[in-house]
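Shown here: final-v9.cif, mmCIF, C-alpha atoms.
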data_start
loop_
_atom_site.group_PDB
_atom_site.id
_atom_site.type_symbol
_atom_site.label_atom_id
_atom_site.label_comp_id
_atom_site.auth_asym_id
_atom_site.auth_seq_id
_atom_site.Cartn_x
_atom_site.Cartn_y
_atom_site.Cartn_z
ATOM 1 C CA MET E 665 77.691 -26.399 -60.595
ATOM 2 C CA ALA E 666 74.102 -25.759 -61.789
ATOM 3 C CA ARG E 667 71.366 -28.216 -60.995
ATOM 4 C CA PRO E 668 71.135 -30.579 -64.007
ATOM 5 C CA GLY E 669 67.404 -29.907 -64.201
ATOM 6 C CA ASP E 670 67.975 -26.217 -64.898
ATOM 7 C CA ASN E 671 69.951 -27.083 -68.006
ATOM 8 C CA LEU E 672 67.724 -29.967 -69.118
ATOM 9 C CA VAL E 673 64.488 -28.006 -68.995
ATOM 10 C CA VAL E 674 65.922 -25.391 -71.378
ATOM 11 C CA ALA E 675 66.292 -28.131 -74.005
ATOM 12 C CA ALA E 676 62.957 -29.842 -73.236
ATOM 13 C CA PRO E 677 60.867 -27.464 -75.404
ATOM 14 C CA ILE E 678 62.781 -28.674 -78.468
ATOM 15 C CA GLY E 679 61.386 -32.154 -77.872
ATOM 16 C CA LEU E 680 57.936 -30.732 -77.168
ATOM 17 C CA PHE E 681 58.062 -28.820 -80.459
ATOM 18 C CA CYS E 682 59.019 -31.939 -82.424
ATOM 19 C CA GLY E 683 56.307 -33.967 -80.708
ATOM 20 C CA ARG E 684 53.588 -31.457 -81.561
ATOM 21 C CA VAL E 685 54.725 -31.232 -85.187
ATOM 22 C CA ALA E 686 54.595 -35.052 -85.331
ATOM 23 C CA ASN E 687 51.027 -34.902 -83.944
ATOM 24 C CA PHE E 688 50.126 -32.539 -86.796
ATOM 25 C CA ILE E 689 51.747 -34.717 -89.461
ATOM 26 C CA ASN E 690 50.006 -37.812 -88.081
ATOM 27 C CA GLY E 691 46.650 -36.008 -87.964
ATOM 28 C CA GLU E 692 46.114 -36.676 -84.273
ATOM 29 C CA LEU E 693 45.090 -34.497 -81.321
ATOM 30 C CA TYR E 694 43.490 -32.063 -83.738
ATOM 31 C CA GLY E 695 41.700 -28.865 -82.888
ATOM 32 C CA LYS E 696 38.116 -27.722 -82.602
ATOM 33 C CA VAL E 697 36.010 -26.893 -85.654
ATOM 34 C CA ALA E 698 37.034 -23.447 -86.914
ATOM 35 C CA THR E 699 36.356 -20.907 -89.644
ATOM 36 C CA VAL E 700 39.774 -19.231 -89.560
ATOM 37 C CA PRO E 701 41.548 -18.998 -92.955
ATOM 38 C CA TRP E 702 44.324 -21.365 -91.800
ATOM 39 C CA ALA E 703 41.947 -24.106 -90.599
ATOM 40 C CA VAL E 704 42.822 -27.596 -91.868
ATOM 41 C CA GLN E 705 41.058 -30.912 -92.382
ATOM 42 C CA PHE E 706 42.214 -34.213 -90.912
ATOM 43 C CA PRO E 707 41.224 -37.340 -92.910
ATOM 44 C CA LYS E 708 41.909 -39.580 -89.896
ATOM 45 C CA GLU E 709 38.917 -37.994 -88.208
ATOM 46 C CA ILE E 710 36.732 -40.549 -89.989
ATOM 47 C CA PHE E 711 38.248 -43.220 -87.707
ATOM 48 C CA GLU E 712 36.644 -41.527 -84.713
ATOM 49 C CA ASN E 713 33.345 -40.351 -86.163
ATOM 50 C CA ARG E 714 31.036 -43.137 -87.358
ATOM 51 C CA ALA E 715 28.603 -40.796 -89.122
ATOM 52 C CA LEU E 716 31.475 -39.127 -90.967
ATOM 53 C CA ALA E 717 32.966 -42.516 -91.896
ATOM 54 C CA ASP E 718 29.615 -43.741 -93.277
ATOM 55 C CA ARG E 719 29.170 -40.590 -95.334
ATOM 56 C CA ALA E 720 32.732 -40.786 -96.681
ATOM 57 C CA ALA E 721 32.230 -44.455 -97.590
ATOM 58 C CA LEU E 722 28.969 -43.716 -99.416
ATOM 59 C CA GLU E 723 30.423 -40.751 -101.321
ATOM 60 C CA CYS E 724 33.635 -42.567 -102.268
ATOM 61 C CA ALA E 725 31.853 -45.778 -103.256
ATOM 62 C CA THR E 726 29.352 -43.992 -105.495
ATOM 63 C CA ARG E 727 31.603 -41.301 -106.989
ATOM 64 C CA VAL E 728 35.124 -42.722 -107.036
ATOM 65 C CA ASP E 729 35.571 -46.451 -106.397
ATOM 66 C CA PRO E 730 33.011 -49.011 -105.135
ATOM 67 C CA SER E 731 35.716 -50.766 -103.103
ATOM 68 C CA LEU E 732 36.296 -47.704 -100.892
ATOM 69 C CA VAL E 733 33.914 -48.533 -98.047
ATOM 70 C CA GLN E 734 36.321 -48.903 -95.107
ATOM 71 C CA PRO E 735 37.785 -45.832 -93.369
ATOM 72 C CA GLU E 736 41.308 -47.279 -93.620
ATOM 73 C CA ALA E 737 40.998 -47.699 -97.389
ATOM 74 C CA ILE E 738 39.600 -44.192 -97.805
ATOM 75 C CA VAL E 739 42.387 -42.541 -95.810
ATOM 76 C CA GLN E 740 45.011 -44.565 -97.712
ATOM 77 C CA ALA E 741 43.447 -43.662 -101.078
ATOM 78 C CA ALA E 742 43.375 -39.979 -100.115
ATOM 79 C CA GLN E 743 47.179 -39.959 -100.201
ATOM 80 C CA THR E 744 47.261 -40.588 -103.950
ATOM 81 C CA SER E 745 43.770 -39.977 -105.334
ATOM 82 C CA GLU E 746 42.612 -36.439 -106.058
ATOM 83 C CA PRO E 747 38.928 -37.495 -106.396
ATOM 84 C CA VAL E 748 39.031 -39.060 -102.920
ATOM 85 C CA ARG E 749 40.638 -35.908 -101.539
ATOM 86 C CA GLN E 750 37.853 -33.851 -103.094
ATOM 87 C CA VAL E 751 35.222 -36.061 -101.475
ATOM 88 C CA LEU E 752 36.875 -35.708 -98.066
ATOM 89 C CA ALA E 753 37.315 -31.958 -98.530
ATOM 90 C CA GLN E 754 33.531 -31.639 -98.939
ATOM 91 C CA ILE E 755 32.580 -33.602 -95.831
ATOM 92 C CA LEU E 756 35.379 -33.094 -93.295
ATOM 93 C CA PRO E 757 35.031 -30.098 -90.976
ATOM 94 C CA ALA E 758 37.859 -27.557 -90.999
ATOM 95 C CA ARG E 759 39.637 -27.404 -87.650
ATOM 96 C CA HIS E 760 42.181 -25.339 -85.742
ATOM 97 C CA PRO E 761 45.701 -26.736 -86.274
ATOM 98 C CA SER E 762 46.026 -26.844 -82.488
ATOM 99 C CA GLN E 763 49.141 -29.006 -82.727
ATOM 100 C CA ILE E 764 50.927 -26.115 -84.470
ATOM 101 C CA TYR E 765 49.646 -23.633 -81.888
ATOM 102 C CA GLU E 766 51.020 -25.856 -79.124
ATOM 103 C CA ALA E 767 54.305 -26.370 -80.995
ATOM 104 C CA LEU E 768 54.775 -22.601 -81.124
ATOM 105 C CA LEU E 769 53.693 -22.036 -77.508
ATOM 106 C CA GLU E 770 55.257 -25.041 -75.752
ATOM 107 C CA GLY E 771 58.210 -25.249 -78.123
ATOM 108 C CA VAL E 772 59.340 -21.923 -79.533
ATOM 109 C CA LEU E 773 57.993 -19.484 -76.928
ATOM 110 C CA LEU E 774 58.861 -21.635 -73.910
ATOM 111 C CA PHE E 775 62.379 -22.303 -75.225
ATOM 112 C CA THR E 776 62.946 -18.584 -75.854
ATOM 113 C CA VAL E 777 61.886 -17.584 -72.343
ATOM 114 C CA LEU E 778 63.859 -20.352 -70.613
ATOM 115 C CA TRP E 779 66.966 -19.716 -72.709
ATOM 116 C CA PHE E 780 66.810 -16.005 -71.885
ATOM 117 C CA VAL E 781 66.343 -16.606 -68.145
ATOM 118 C CA ARG E 782 69.123 -19.233 -68.046
ATOM 119 C CA THR E 783 71.692 -17.339 -70.129
ATOM 120 C CA ARG E 784 70.931 -13.649 -69.605
ATOM 121 C CA THR E 785 70.124 -13.553 -65.891
ATOM 122 C CA ARG E 786 71.634 -15.070 -62.779
ATOM 123 C CA PRO E 787 68.759 -17.212 -61.457
ATOM 124 C CA LEU E 788 68.871 -19.226 -58.265
ATOM 125 C CA GLU E 789 69.528 -22.947 -58.641
ATOM 126 C CA GLY E 790 66.229 -24.691 -59.316
ATOM 127 C CA PHE E 791 64.468 -21.479 -60.360
ATOM 128 C CA VAL E 792 64.605 -22.249 -64.098
ATOM 129 C CA THR E 793 63.120 -25.692 -63.450
ATOM 130 C CA GLY E 794 60.261 -24.083 -61.535
ATOM 131 C CA ILE E 795 59.692 -21.566 -64.320
ATOM 132 C CA PHE E 796 59.591 -24.442 -66.817
ATOM 133 C CA PHE E 797 56.844 -26.283 -64.935
ATOM 134 C CA ILE E 798 54.733 -23.163 -64.456
ATOM 135 C CA LEU E 799 55.121 -21.762 -67.976
ATOM 136 C CA TYR E 800 54.661 -25.145 -69.644
ATOM 137 C CA ALA E 801 51.440 -25.664 -67.682
ATOM 138 C CA LEU E 802 50.097 -22.190 -68.506
ATOM 139 C CA LEU E 803 50.965 -22.495 -72.195
ATOM 140 C CA ARG E 804 49.431 -25.985 -72.308
ATOM 141 C CA ILE E 805 46.224 -24.643 -70.759
ATOM 142 C CA ALA E 806 46.150 -21.853 -73.355
ATOM 143 C CA GLY E 807 46.827 -24.212 -76.275
ATOM 144 C CA GLU E 808 44.192 -26.710 -75.191
ATOM 145 C CA VAL E 809 41.497 -24.051 -75.561
ATOM 146 C CA PHE E 810 41.699 -24.748 -79.319
ATOM 147 C CA ARG E 811 42.006 -28.546 -79.083
ATOM 148 C CA GLU E 812 39.146 -31.027 -79.432
ATOM 149 C CA PRO E 813 38.663 -32.657 -76.004
ATOM 150 C CA ASP E 814 39.540 -36.345 -75.713
ATOM 151 C CA ALA E 815 36.510 -38.485 -76.550
ATOM 152 C CA GLY E 816 34.786 -40.132 -73.619
ATOM 153 C CA ILE E 817 36.645 -38.113 -70.962
ATOM 154 C CA ALA E 818 34.480 -35.824 -68.866
ATOM 155 C CA LEU E 819 35.644 -32.286 -68.204
ATOM 156 C CA THR E 820 36.608 -31.311 -64.665
ATOM 157 C CA TRP E 821 35.584 -27.791 -63.601
ATOM 158 C CA GLY E 822 35.143 -26.985 -67.279
ATOM 159 C CA LEU E 823 38.768 -27.949 -67.982
ATOM 160 C CA SER E 824 40.007 -30.657 -70.349
ATOM 161 C CA ARG E 825 42.087 -33.472 -68.915
ATOM 162 C CA GLY E 826 45.313 -31.808 -70.090
ATOM 163 C CA GLN E 827 44.319 -28.468 -68.566
ATOM 164 C CA PHE E 828 43.315 -30.071 -65.265
ATOM 165 C CA LEU E 829 46.577 -32.024 -64.959
ATOM 166 C CA SER E 830 48.512 -28.866 -65.786
ATOM 167 C CA LEU E 831 47.293 -27.338 -62.529
ATOM 168 C CA PHE E 832 49.456 -29.846 -60.651
ATOM 169 C CA MET E 833 52.474 -28.798 -62.724
ATOM 170 C CA ILE E 834 51.936 -25.215 -61.596
ATOM 171 C CA LEU E 835 52.058 -26.446 -58.000
ATOM 172 C CA ILE E 836 55.262 -28.406 -58.665
ATOM 173 C CA GLY E 837 56.844 -25.339 -60.282
ATOM 174 C CA ALA E 838 55.881 -23.161 -57.328
ATOM 175 C CA ILE E 839 57.544 -25.660 -54.978
ATOM 176 C CA PHE E 840 60.762 -25.574 -57.031
ATOM 177 C CA ILE E 841 60.818 -21.776 -56.923
ATOM 178 C CA ALA E 842 60.085 -21.694 -53.181
ATOM 179 C CA VAL E 843 62.920 -24.167 -52.470
ATOM 180 C CA ALA E 844 65.273 -22.191 -54.742
ATOM 181 C CA LYS E 845 64.525 -19.010 -52.779
ATOM 182 C CA MET E 846 64.994 -20.790 -49.460
ATOM 183 C CA ARG E 847 68.423 -22.078 -50.525
ATOM 184 C CA GLY E 848 69.359 -18.750 -52.097
ATOM 185 C CA LYS E 849 72.201 -20.245 -54.120
ATOM 186 C CA PRO E 850 72.731 -18.521 -57.491
ATOM 187 C CA ALA E 851 73.395 -20.736 -60.487
ATOM 188 C CA PRO E 852 76.826 -20.311 -62.109
ATOM 189 C CA VAL E 853 77.112 -18.272 -65.280
ATOM 190 C CA PRO E 854 76.535 -20.595 -68.277
ATOM 191 C CA GLY E 855 79.832 -21.621 -69.823
ATOM 192 C CA SER E 856 81.821 -21.185 -66.645
ATOM 193 C CA ARG E 857 83.367 -24.206 -65.000
ATOM 194 C CA GLY E 858 82.268 -23.150 -61.562
ATOM 195 C CA VAL E 859 85.840 -23.395 -60.211
ATOM 196 C CA LYS E 860 86.235 -21.814 -56.813
ATOM 197 C CA PRO E 861 89.110 -19.366 -56.402
ATOM 198 C CA ALA E 862 92.083 -20.601 -54.353
#

Transcribe the structure of this file into C-alpha cells.
Amino acid sequence: MARPGDNLVVAAPIGLFCGRVANFINGELYGKVATVPWAVQFPKEIFENRALADRAALECATRVDPSLVQPEAIVQAAQTSEPVRQVLAQILPARHPSQIYEALLEGVLLFTVLWFVRTRTRPLEGFVTGIFFILYALLRIAGEVFREPDAGIALTWGLSRGQFLSLFMILIGAIFIAVAKMRGKPAPVPGSRGVKPA
C-alpha cells in the first residue's frame, strides 16, 4: 500500500488553489505595484496605508458624501457606490494580482506535476511527498517575487518571510526523497489493491 502522504499531497494543491483565490477575493496578501495591463486595485489597502486612507477620506468627503471619513465606511460604500469606486480608482495604486499567480503556480501547476508523477510513473514510496515539498517551496519562492512583503517584517538575505521559510521545505523534501531512495520500495500502481500473489 502507498504511503498515505503520497496520495494526500496530490490533493493538497486543490486546497492551496482555493485558499489563494479566497485571498484575492478578500483583497489580502496583494502584490507589488505594477503597470501590467492585468494589474488590479485593492480597496482594503487603505486599512494599511494611513496616507492613502487620509486621501481617500478627504476625496470621498468632499466629492461624494461628507460622512465617508473612516476607511471601513469607504470600503463598504465602494461595494455599491460608483462615485466612491471612481475616487478609489484615482488614488489606489495598481498591483500584481499575486494571489492569482500563486493560485496558478501552487494550485494548478503543482497539482498537474504531482498527478502526473503519481499516476503515470512508478515512484518510490515517499518520493511524491518529497517532490511536493520541494516544488511547493520553489513555486512559492517564485510567486512571492510579485507579492508585497509583509509590513514590519525584515527581509532575511533579501528574501521575504515566505521565501525564507520555503528553504526549510526544500530541505524536508530532500530528506523524503533520500529516505525513499534508501528504502527503494516502489509505490503500487494507483487503483490497484496492492494484493500480493499467493

Report as a ChimeraX atom specification the full result of the PyMOL selection byres ((chain E and resi 825) around 12) when it is applied to this structure. /E:804-805,808-809,811-824,826-832

Rounded to one decimal, what separation in Å do you get between atom CA of Arg786 of chain E and atom CA of Phe681 of chain E? 26.2 Å

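Comparing E:Trp702, E:Phe791, E:Phe780, E:Phe775 by their smallest distance to Ala838 of chain E, the closest is E:Phe791 (using only C-alpha atoms).
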
Show me, as a PDB file with C-alpha atoms, keeping the file's coordinate frame, the residues that have an atom within 12 Å of Tyr765 of chain E when counting only C-alpha atoms, minus same-chain residues fewer than 4 positions from it.
ATOM      1  CA  LEU E 680      57.936 -30.732 -77.168  1.00  0.00           C
ATOM      2  CA  PHE E 681      58.062 -28.820 -80.459  1.00  0.00           C
ATOM      3  CA  ARG E 684      53.588 -31.457 -81.561  1.00  0.00           C
ATOM      4  CA  VAL E 685      54.725 -31.232 -85.187  1.00  0.00           C
ATOM      5  CA  ASN E 687      51.027 -34.902 -83.944  1.00  0.00           C
ATOM      6  CA  PHE E 688      50.126 -32.539 -86.796  1.00  0.00           C
ATOM      7  CA  LEU E 693      45.090 -34.497 -81.321  1.00  0.00           C
ATOM      8  CA  TYR E 694      43.490 -32.063 -83.738  1.00  0.00           C
ATOM      9  CA  GLY E 695      41.700 -28.865 -82.888  1.00  0.00           C
ATOM     10  CA  TRP E 702      44.324 -21.365 -91.800  1.00  0.00           C
ATOM     11  CA  ALA E 703      41.947 -24.106 -90.599  1.00  0.00           C
ATOM     12  CA  HIS E 760      42.181 -25.339 -85.742  1.00  0.00           C
ATOM     13  CA  PRO E 761      45.701 -26.736 -86.274  1.00  0.00           C
ATOM     14  CA  LEU E 769      53.693 -22.036 -77.508  1.00  0.00           C
ATOM     15  CA  GLU E 770      55.257 -25.041 -75.752  1.00  0.00           C
ATOM     16  CA  GLY E 771      58.210 -25.249 -78.123  1.00  0.00           C
ATOM     17  CA  VAL E 772      59.340 -21.923 -79.533  1.00  0.00           C
ATOM     18  CA  LEU E 773      57.993 -19.484 -76.928  1.00  0.00           C
ATOM     19  CA  LEU E 803      50.965 -22.495 -72.195  1.00  0.00           C
ATOM     20  CA  ARG E 804      49.431 -25.985 -72.308  1.00  0.00           C
ATOM     21  CA  ILE E 805      46.224 -24.643 -70.759  1.00  0.00           C
ATOM     22  CA  ALA E 806      46.150 -21.853 -73.355  1.00  0.00           C
ATOM     23  CA  GLY E 807      46.827 -24.212 -76.275  1.00  0.00           C
ATOM     24  CA  GLU E 808      44.192 -26.710 -75.191  1.00  0.00           C
ATOM     25  CA  VAL E 809      41.497 -24.051 -75.561  1.00  0.00           C
ATOM     26  CA  PHE E 810      41.699 -24.748 -79.319  1.00  0.00           C
ATOM     27  CA  ARG E 811      42.006 -28.546 -79.083  1.00  0.00           C
TER      28      ARG E 811
END

Looking at only C-alpha atoms, which of E:Ala842, E:Ser762, E:Asp670, E:Gly848 is the one that sits closest to Val781 of chain E?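 Smallest separation from Val781 of chain E among the options: E:Asp670.
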
Residue neighbourhood Leu732 of chain E, 9 Å, all atoms listed in the file, exclusion window fewer than 6 positions, as a JSON list (two decimals) with C-alpha atoms, in the frame of the given file:
[["chain", "number", "residue", "atom", "x", "y", "z"],
["E", 720, "ALA", "CA", 32.73, -40.79, -96.68],
["E", 721, "ALA", "CA", 32.23, -44.46, -97.59],
["E", 722, "LEU", "CA", 28.97, -43.72, -99.42],
["E", 724, "CYS", "CA", 33.64, -42.57, -102.27],
["E", 725, "ALA", "CA", 31.85, -45.78, -103.26],
["E", 738, "ILE", "CA", 39.60, -44.19, -97.80],
["E", 741, "ALA", "CA", 43.45, -43.66, -101.08]]

Using all atoms listed in the file, pick whichever of E:Leu752, E:Ile678, E:Val777, E:Ile795 has the shortest atom-to-atom distance to Gln705 of chain E.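 Comparing E:Leu752, E:Ile678, E:Val777, E:Ile795 against Gln705 of chain E, the winner is E:Leu752.
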
Computed interatomic separation between atom CA of Glu746 of chain E and atom CA of Ala758 of chain E (Å): 18.1 Å

Test item: residues at most 8 Å from Phe796 of chain E, only C-alpha atoms, excluding those fewer than 5 positions along its chain, as number ranges by chain: E: 673-674, 774, 778, 837

Polymer residues at most 10 Å from Ala686 of chain E, only C-alpha atoms, same-chain spacing of 5 or more positions, as number ranges by chain: E: 680-681, 691-692, 763-764, 767

Let's have the selection written as a short mmCIF file (atom, residue, chain, number, x, y, z; two decimals), keeping the file's coordinate frame, with C-alpha atoms.
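Result file follows (selection39.cif):
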data_model
loop_
_atom_site.label_atom_id
_atom_site.label_comp_id
_atom_site.auth_asym_id
_atom_site.auth_seq_id
_atom_site.Cartn_x
_atom_site.Cartn_y
_atom_site.Cartn_z
CA LEU E 680 57.94 -30.73 -77.17
CA PHE E 681 58.06 -28.82 -80.46
CA GLY E 691 46.65 -36.01 -87.96
CA GLU E 692 46.11 -36.68 -84.27
CA GLN E 763 49.14 -29.01 -82.73
CA ILE E 764 50.93 -26.12 -84.47
CA ALA E 767 54.30 -26.37 -81.00
#

When you draw a straight line from atom CA of Thr783 of chain E to atom CA of Cys682 of chain E, how long is it in Å?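 Atom CA of Cys682 of chain E lies at a distance of 22.9 Å from atom CA of Thr783 of chain E.
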
Chain and number of each residue from the PyMOL selection byres ((chain E and resi 717) around 12), as number ranges by chain: E: 707-716, 718-725, 732-739, 751-752, 755-756

Report as an NGL selection string all protein, DNA and RNA residues lying within 9 Å of Ile836 of chain E, evaluated on all atoms listed in the file, omitting residues in the same chain fewer than 6 positions from it. :E and (794 or 797-798)

Box centre and edge lengths (Å, one decimal), axis-aligned, segment 674-684 of chain E plus 5 Å each side, as AutoDock Vina command-line options:
--center_x 59.9 --center_y -29.7 --center_z -76.9 --size_x 22.7 --size_y 18.6 --size_z 21.0

Restricting to only C-alpha atoms, whichever of E:Val704, E:Val697, E:Val748, E:Val792 is closest to Pro668 of chain E is E:Val792

Running the PyMOL selection byres ((chain E and resi 845) around 12) on this model by hand, what would come out? Give it as a VMD selection string. chain E and resid 787 to 792 794 838 to 844 846 to 851

Pick out the closest residue to Ala801 of chain E from this set: E:Thr776, E:Met833, E:Ser745, E:Leu768. Count only C-alpha atoms.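 So, comparing all the options, the nearest one is E:Met833.
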
Given the choices E:Asp729, E:Asn690, E:Arg759, E:Leu835, which gets closest to Leu799 of chain E if the distance is worked out from only C-alpha atoms?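 Using only C-alpha atoms, Leu799 of chain E sits closest to E:Leu835.
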